file upload_17.cif (mmCIF, C-alpha atoms)
data_upload
loop_
_atom_site.label_atom_id
_atom_site.label_comp_id
_atom_site.auth_asym_id
_atom_site.auth_seq_id
_atom_site.Cartn_x
_atom_site.Cartn_y
_atom_site.Cartn_z
CA MET A 949 15.92 -12.15 4.88
CA LYS A 950 17.78 -14.98 6.49
CA ALA A 951 21.16 -14.68 8.16
CA SER A 952 23.96 -14.92 5.63
CA PRO A 953 25.72 -18.27 5.48
CA ALA A 954 29.51 -18.15 5.51
CA GLY A 955 29.57 -18.69 1.73
CA ALA A 956 27.11 -15.88 0.95
CA SER A 957 28.07 -13.32 -1.66
CA PRO A 958 29.39 -9.94 -0.51
CA GLU A 959 26.14 -8.37 -1.77
CA ASP A 960 24.05 -10.78 0.33
CA ARG A 961 26.18 -10.11 3.41
CA ARG A 962 25.83 -6.36 2.85
CA THR A 963 22.05 -6.69 2.48
CA VAL A 964 21.82 -8.55 5.81
CA LYS A 965 24.06 -5.98 7.49
CA VAL A 966 21.92 -3.06 6.29
CA SER A 967 18.72 -4.91 7.32
CA LYS A 968 20.03 -5.51 10.84
CA TYR A 969 21.10 -1.88 11.09
CA LEU A 970 17.62 -0.74 10.04
CA SER A 971 15.94 -3.08 12.54
CA LYS A 972 18.09 -1.80 15.37
CA HIS A 973 17.47 1.86 14.63
CA LEU A 974 13.87 1.78 13.38
CA ARG A 975 12.57 -0.62 16.06
CA HIS A 976 14.78 -0.29 19.12
CA GLN A 977 17.32 2.54 19.31
CA PRO A 978 16.59 5.44 16.95
CA GLU A 979 18.07 7.89 19.45
CA ARG A 980 21.44 6.11 19.22
CA ILE A 981 22.02 7.81 15.86
CA GLY A 982 20.00 10.94 16.60
CA LEU A 983 16.74 9.91 14.93
CA THR A 984 13.29 10.71 16.23
CA LEU A 985 10.50 8.49 14.95
CA ASP A 986 7.14 10.19 14.59
CA ALA A 987 4.20 8.92 16.66
CA ASN A 988 3.52 6.20 14.07
CA GLY A 989 7.13 5.05 13.73
CA TRP A 990 7.96 6.88 10.49
CA VAL A 991 11.22 8.69 9.77
CA PRO A 992 12.23 10.59 6.63
CA ILE A 993 14.54 8.42 4.52
CA ASP A 994 16.99 11.25 3.88
CA GLU A 995 17.31 11.80 7.66
CA LEU A 996 17.92 8.07 8.21
CA ILE A 997 20.63 7.90 5.54
CA ARG A 998 22.27 11.10 6.82
CA ALA A 999 22.19 10.01 10.48
CA ALA A 1000 23.61 6.58 9.64
CA ALA A 1001 26.45 8.16 7.64
CA GLU A 1002 27.22 10.59 10.47
CA HIS A 1003 27.56 7.56 12.76
CA GLY A 1004 29.88 5.66 10.43
CA PHE A 1005 27.42 3.41 8.59
CA ARG A 1006 26.90 4.48 4.99
CA PHE A 1007 24.29 3.11 2.60
CA THR A 1008 22.54 4.47 -0.44
CA ARG A 1009 18.86 4.92 -1.24
CA ALA A 1010 19.25 2.13 -3.81
CA GLU A 1011 20.63 -0.21 -1.12
CA LEU A 1012 17.77 0.75 1.19
CA ASP A 1013 15.17 0.07 -1.51
CA HIS A 1014 16.83 -3.29 -2.23
CA VAL A 1015 16.79 -4.32 1.45
CA VAL A 1016 13.12 -3.42 1.80
CA ALA A 1017 12.23 -5.28 -1.42
CA VAL A 1018 14.07 -8.53 -0.66
CA ASN A 1019 13.49 -8.84 3.08
CA ASP A 1020 11.72 -12.19 3.44
CA LYS A 1021 9.87 -11.04 6.57
CA LYS A 1022 8.81 -7.73 5.00
CA ARG A 1023 10.04 -5.92 8.11
CA PHE A 1024 9.93 -2.41 6.61
CA THR A 1025 7.56 -0.23 4.64
CA ILE A 1026 8.50 2.72 2.46
CA ASP A 1027 5.82 5.35 1.90
CA GLY A 1028 7.15 8.00 -0.47
CA ALA A 1029 10.04 9.72 1.28
CA ARG A 1030 9.65 7.93 4.64
CA ILE A 1031 10.26 4.49 6.12
CA ARG A 1032 9.22 2.54 9.20
CA ALA A 1033 9.49 -0.92 10.68
CA ASN A 1034 6.23 -2.86 10.42
CA GLN A 1035 6.24 -4.22 13.98
CA GLY A 1036 8.50 -5.44 16.77
CA HIS A 1037 9.25 -2.06 18.30
CA THR A 1038 10.60 -1.69 21.81
CA VAL A 1039 10.25 2.10 21.55
CA GLU A 1040 6.83 3.69 21.91
CA VAL A 1041 5.00 3.99 18.58
CA ASP A 1042 1.41 3.69 17.46
CA LEU A 1043 1.39 1.86 14.15
CA GLY A 1044 -2.20 2.98 13.61
CA LEU A 1045 -3.34 -0.53 12.76
CA PRO A 1046 -7.11 -0.95 12.91
CA PRO A 1047 -8.65 -3.79 14.90
CA SER A 1048 -9.09 -6.91 12.77
CA GLU A 1049 -10.94 -10.15 13.30
CA PRO A 1050 -8.32 -12.91 13.41
CA PRO A 1051 -8.63 -16.37 11.91
CA GLU A 1052 -9.78 -19.06 14.33
CA TYR A 1053 -6.17 -20.18 14.97
CA LEU A 1054 -2.85 -18.36 14.88
CA TYR A 1055 0.58 -19.73 15.84
CA HIS A 1056 3.49 -18.73 18.04
CA GLY A 1057 7.03 -20.03 17.62
CA THR A 1058 9.11 -20.48 20.76
CA VAL A 1059 11.60 -22.92 22.33
CA ASP A 1060 11.34 -25.59 25.06
CA ARG A 1061 12.98 -23.46 27.76
CA SER A 1062 10.14 -20.91 27.50
CA LEU A 1063 7.26 -23.38 27.87
CA GLY A 1064 7.13 -23.37 31.69
CA ALA A 1065 6.61 -19.60 31.85
CA ILE A 1066 4.12 -19.70 28.98
CA ARG A 1067 2.11 -22.46 30.69
CA ALA A 1068 1.98 -20.37 33.86
CA GLU A 1069 1.52 -16.86 32.46
CA GLY A 1070 0.52 -17.25 28.82
CA LEU A 1071 2.14 -15.22 26.07
CA ARG A 1072 3.25 -11.74 27.09
CA PRO A 1073 4.85 -9.03 24.94
CA MET A 1074 8.03 -9.05 27.05
CA ASN A 1075 10.08 -6.01 25.93
CA ARG A 1076 7.90 -5.39 22.86
CA HIS A 1077 4.51 -3.72 22.70
CA ASP A 1078 2.54 -6.75 21.55
CA VAL A 1079 2.57 -10.52 21.36
CA HIS A 1080 3.45 -11.55 17.80
CA LEU A 1081 1.48 -14.38 16.20
CA SER A 1082 2.00 -16.02 12.83
CA PRO A 1083 -0.75 -16.93 10.37
CA ASP A 1084 0.69 -20.41 9.75
CA ARG A 1085 2.80 -23.11 11.39
CA GLU A 1086 5.63 -22.75 8.89
CA THR A 1087 6.24 -19.11 9.75
CA ALA A 1088 5.98 -19.82 13.49
CA THR A 1089 8.54 -22.62 13.07
CA LEU A 1090 10.99 -20.19 11.46
CA VAL A 1091 10.42 -17.67 14.26
CA GLY A 1092 11.03 -20.27 16.96
CA ALA A 1093 14.13 -21.60 15.18
CA ARG A 1094 15.91 -18.27 15.70
CA ARG A 1095 16.40 -19.22 19.37
CA GLY A 1096 16.95 -22.98 19.12
CA ARG A 1097 14.87 -26.05 18.36
CA PRO A 1098 11.43 -24.62 17.60
CA VAL A 1099 8.20 -25.45 19.37
CA VAL A 1100 4.99 -24.22 17.74
CA LEU A 1101 2.01 -23.29 19.90
CA ALA A 1102 -1.50 -23.01 18.46
CA VAL A 1103 -3.43 -20.00 19.76
CA HIS A 1104 -7.22 -20.13 19.69
CA ALA A 1105 -7.38 -16.56 18.39
CA GLY A 1106 -11.06 -16.71 17.47
CA ALA A 1107 -12.07 -17.60 21.02
CA LEU A 1108 -9.67 -15.02 22.45
CA HIS A 1109 -11.19 -12.36 20.17
CA ARG A 1110 -14.70 -13.35 21.21
CA ALA A 1111 -13.54 -13.01 24.85
CA GLY A 1112 -12.75 -9.36 24.17
CA HIS A 1113 -9.08 -9.29 23.15
CA ALA A 1114 -8.28 -6.93 20.29
CA PHE A 1115 -6.16 -8.07 17.35
CA ARG A 1116 -4.38 -6.08 14.67
CA VAL A 1117 -2.45 -7.27 11.67
CA SER A 1118 0.75 -5.55 10.55
CA ALA A 1119 1.66 -4.72 6.96
CA ASN A 1120 3.73 -7.90 6.74
CA GLY A 1121 1.00 -10.24 8.02
CA VAL A 1122 2.11 -10.56 11.67
CA TRP A 1123 -0.87 -10.63 14.03
CA LEU A 1124 -0.56 -8.51 17.17
CA THR A 1125 -2.42 -8.67 20.48
CA ASP A 1126 -1.65 -7.48 24.00
CA SER A 1127 -1.42 -10.94 25.63
CA VAL A 1128 -2.62 -14.52 25.33
CA PRO A 1129 -3.76 -16.24 28.54
CA PRO A 1130 -2.65 -19.89 28.84
CA GLU A 1131 -6.19 -21.26 28.49
CA PHE A 1132 -6.20 -20.06 24.85
CA ILE A 1133 -2.98 -21.90 23.97
CA ARG A 1134 -2.70 -25.47 22.71
CA PHE A 1135 0.62 -26.88 23.85
CA PRO A 1136 2.41 -29.74 22.08
CA GLY A 1137 1.20 -33.12 23.25
CA ALA A 1138 -2.00 -31.65 24.72
#

call {"tool": "encode", "arguments": {"input": "upload_17.cif", "output": "structure tokens"}}
result
Amino acid sequence: MKASPAGASPEDRRTVKVSKYLSKHLRHQPERIGLTLDANGWVPIDELIRAAAEHGFRFTRAELDHVVAVNDKKRFTIDGARIRANQGHTVEVDLGLPPSEPPEYLYHGTVDRSLGAIRAEGLRPMNRHDVHLSPDRETATLVGARRGRPVVLAVHAGALHRAGHAFRVSANGVWLTDSVPPEFIRFPGA
């Protein structure tokens, strides 16, 4: 789901607001509202709704279902009476994703100001648990555009996998790996 433009409907603005709230508390700060994610990142939906209401942010199960259904990045998964974020956690969780053989190339969206560090150190997870890679250039472009003018890097994922790096793919199609050394990255103009 993209950020709401100024002329967005009240429903669209509400959907974005609930989505951002969910991201914050299911990926980064569950303890802020008294939630405890299980080892795999799941939390009972009724506990989430109750905790949010107790901390001044009310939403209904219908609103939650709507946010999960329309989120363009498919950030969340509902499994019966529980919910979790699909990836991007800064809190410790094990998403239980099995190793998967990646396609030969995956893509990473970034911005110019990050290229020097990436050339020197490769792609690192920073404050997340994994490096996030996109299956196509278009998605990587959208990811990079969140921080400025996007730069798309091609990652030779097949070669990296053959060199012993494990890959997993999240429920929403984001590829995850622990790091990408610079020799496996094709930089623009190279």

call {"tool": "closest_atom_pairs", "arguments": {"input": "upload_17.cif", "of": "segment 1025-1056 of chain A", "to": "segment 1067-1087 of chain A", "cutoff": "7 Å", "atoms": "all atoms listed in the file", "output": "Markdown table"}}
result
| residue | atom | partner | partner_atom | distance |
| --- | --- | --- | --- | --- |
| A:Gly1036 | CA | A:Arg1076 | CA | 6.1 |
| A:His1037 | CA | A:Arg1076 | CA | 5.8 |
| A:Thr1038 | CA | A:Arg1076 | CA | 4.7 |
| A:Leu1054 | CA | A:Pro1083 | CA | 5.2 |
| A:Tyr1055 | CA | A:Ser1082 | CA | 5.0 |
| A:His1056 | CA | A:Leu1081 | CA | 5.1 |

call {"tool": "resolve_selection", "arguments": {"input": "upload_17.cif", "expression": "the PyMOL selection byres ((chain A and resi 980-992) around 7)", "output": "ChimeraX atom specification"}}
result
/A:977-979,993-996,999-1000,1003,1029-1032,1041-1044

call {"tool": "closest_atom_pairs", "arguments": {"input": "upload_17.cif", "of": "segment 1034-1122 of chain A", "to": "segment 1023-1026 of chain A", "cutoff": "8 Å", "atoms": "only C-alpha atoms", "output": "Markdown table"}}
result
| residue | atom | partner | partner_atom | distance |
| --- | --- | --- | --- | --- |
| A:Asn1034 | CA | A:Phe1024 | CA | 5.3 |
| A:Gln1035 | CA | A:Arg1023 | CA | 7.2 |
| A:Ala1119 | CA | A:Thr1025 | CA | 7.8 |
| A:Asn1120 | CA | A:Arg1023 | CA | 6.8 |

call {"tool": "resolve_selection", "arguments": {"input": "upload_17.cif", "expression": "the PyMOL selection byres ((chain A and resi 1060) around 9)", "output": "PyMOL selection string"}}
result
chain A and resi 1058-1059+1061-1064+1096-1099

call {"tool": "atom_distance", "arguments": {"input": "upload_17.cif", "atom1": "atom CA of Phe1115 of chain A", "atom2": "atom CA of Glu1049 of chain A"}}
result
6.6 Å

call {"tool": "resolve_selection", "arguments": {"input": "upload_17.cif", "expression": "the PyMOL selection byres ((chain A and resi 1006) around 12)", "output": "PyMOL selection string"}}
result
chain A and resi 962+965-966+969-970+996-1005+1007-1012

call {"tool": "build_atoms", "arguments": {"input": "upload_17.cif", "residues": "segment 1083-1116 of chain A", "atoms": "N, CA and C atoms", "output": "tab-separated table (two decimals), in the frame of the given file"}}
result
chain	number	residue	atom	x	y	z
A	1083	PRO	N	0.46	-16.39	10.98
A	1083	PRO	CA	-0.75	-16.93	10.37
A	1083	PRO	C	-0.67	-18.42	10.04
A	1084	ASP	N	0.55	-18.99	10.09
A	1084	ASP	CA	0.69	-20.41	9.75
A	1084	ASP	C	1.82	-21.05	10.56
A	1085	ARG	N	1.79	-22.36	10.62
A	1085	ARG	CA	2.80	-23.11	11.39
A	1085	ARG	C	4.21	-22.94	10.83
A	1086	GLU	N	4.31	-22.86	9.51
A	1086	GLU	CA	5.63	-22.75	8.89
A	1086	GLU	C	6.35	-21.48	9.33
A	1087	THR	N	5.64	-20.37	9.32
A	1087	THR	CA	6.24	-19.11	9.75
A	1087	THR	C	6.60	-19.16	11.23
A	1088	ALA	N	5.70	-19.70	12.05
A	1088	ALA	CA	5.98	-19.82	13.49
A	1088	ALA	C	7.19	-20.71	13.74
A	1089	THR	N	7.36	-21.74	12.94
A	1089	THR	CA	8.54	-22.62	13.07
A	1089	THR	C	9.82	-21.83	12.80
A	1090	LEU	N	9.81	-21.01	11.76
A	1090	LEU	CA	10.99	-20.19	11.46
A	1090	LEU	C	11.28	-19.20	12.58
A	1091	VAL	N	10.24	-18.61	13.15
A	1091	VAL	CA	10.42	-17.67	14.26
A	1091	VAL	C	11.04	-18.38	15.46
A	1092	GLY	N	10.50	-19.52	15.83
A	1092	GLY	CA	11.03	-20.27	16.96
A	1092	GLY	C	12.46	-20.74	16.74
A	1093	ALA	N	12.80	-21.07	15.50
A	1093	ALA	CA	14.13	-21.60	15.18
A	1093	ALA	C	15.24	-20.56	15.37
A	1094	ARG	N	14.88	-19.29	15.47
A	1094	ARG	CA	15.91	-18.27	15.70
A	1094	ARG	C	16.55	-18.42	17.08
A	1095	ARG	N	15.88	-19.10	18.00
A	1095	ARG	CA	16.40	-19.22	19.37
A	1095	ARG	C	16.74	-20.66	19.76
A	1096	GLY	N	16.65	-21.58	18.82
A	1096	GLY	CA	16.95	-22.98	19.12
A	1096	GLY	C	15.99	-23.89	18.40
A	1097	ARG	N	15.81	-25.09	18.95
A	1097	ARG	CA	14.87	-26.05	18.36
A	1097	ARG	C	13.44	-25.54	18.56
A	1098	PRO	N	12.72	-25.28	17.47
A	1098	PRO	CA	11.43	-24.62	17.60
A	1098	PRO	C	10.32	-25.51	18.15
A	1099	VAL	N	9.44	-24.86	18.89
A	1099	VAL	CA	8.20	-25.45	19.37
A	1099	VAL	C	7.10	-24.51	18.89
A	1100	VAL	N	6.08	-25.05	18.25
A	1100	VAL	CA	4.99	-24.22	17.74
A	1100	VAL	C	3.75	-24.41	18.61
A	1101	LEU	N	3.22	-23.29	19.09
A	1101	LEU	CA	2.01	-23.29	19.90
A	1101	LEU	C	0.85	-22.80	19.04
A	1102	ALA	N	-0.29	-23.46	19.15
A	1102	ALA	CA	-1.50	-23.01	18.46
A	1102	ALA	C	-2.27	-22.11	19.42
A	1103	VAL	N	-2.68	-20.96	18.95
A	1103	VAL	CA	-3.43	-20.00	19.76
A	1103	VAL	C	-4.85	-19.95	19.22
A	1104	HIS	N	-5.82	-20.19	20.10
A	1104	HIS	CA	-7.22	-20.13	19.69
A	1104	HIS	C	-7.63	-18.66	19.63
A	1105	ALA	N	-7.20	-18.00	18.56
A	1105	ALA	CA	-7.38	-16.56	18.39
A	1105	ALA	C	-8.85	-16.18	18.27
A	1106	GLY	N	-9.63	-17.02	17.61
A	1106	GLY	CA	-11.06	-16.71	17.47
A	1106	GLY	C	-11.73	-16.63	18.82
A	1107	ALA	N	-11.49	-17.60	19.68
A	1107	ALA	CA	-12.07	-17.60	21.02
A	1107	ALA	C	-11.55	-16.43	21.85
A	1108	LEU	N	-10.26	-16.14	21.72
A	1108	LEU	CA	-9.67	-15.02	22.45
A	1108	LEU	C	-10.30	-13.70	21.99
A	1109	HIS	N	-10.53	-13.56	20.70
A	1109	HIS	CA	-11.19	-12.36	20.17
A	1109	HIS	C	-12.61	-12.25	20.70
A	1110	ARG	N	-13.33	-13.36	20.70
A	1110	ARG	CA	-14.70	-13.35	21.21
A	1110	ARG	C	-14.74	-13.05	22.72
A	1111	ALA	N	-13.63	-13.32	23.41
A	1111	ALA	CA	-13.54	-13.01	24.85
A	1111	ALA	C	-13.16	-11.56	25.09
A	1112	GLY	N	-12.98	-10.78	24.02
A	1112	GLY	CA	-12.75	-9.36	24.17
A	1112	GLY	C	-11.34	-8.86	23.88
A	1113	HIS	N	-10.44	-9.73	23.48
A	1113	HIS	CA	-9.08	-9.29	23.15
A	1113	HIS	C	-9.04	-8.72	21.74
A	1114	ALA	N	-8.41	-7.56	21.60
A	1114	ALA	CA	-8.28	-6.93	20.29
A	1114	ALA	C	-7.09	-7.51	19.54
A	1115	PHE	N	-7.22	-7.62	18.25
A	1115	PHE	CA	-6.16	-8.07	17.35
A	1115	PHE	C	-5.97	-7.02	16.27
A	1116	ARG	N	-4.72	-6.91	15.82
A	1116	ARG	CA	-4.38	-6.08	14.67
A	1116	ARG	C	-3.42	-6.90	13.82
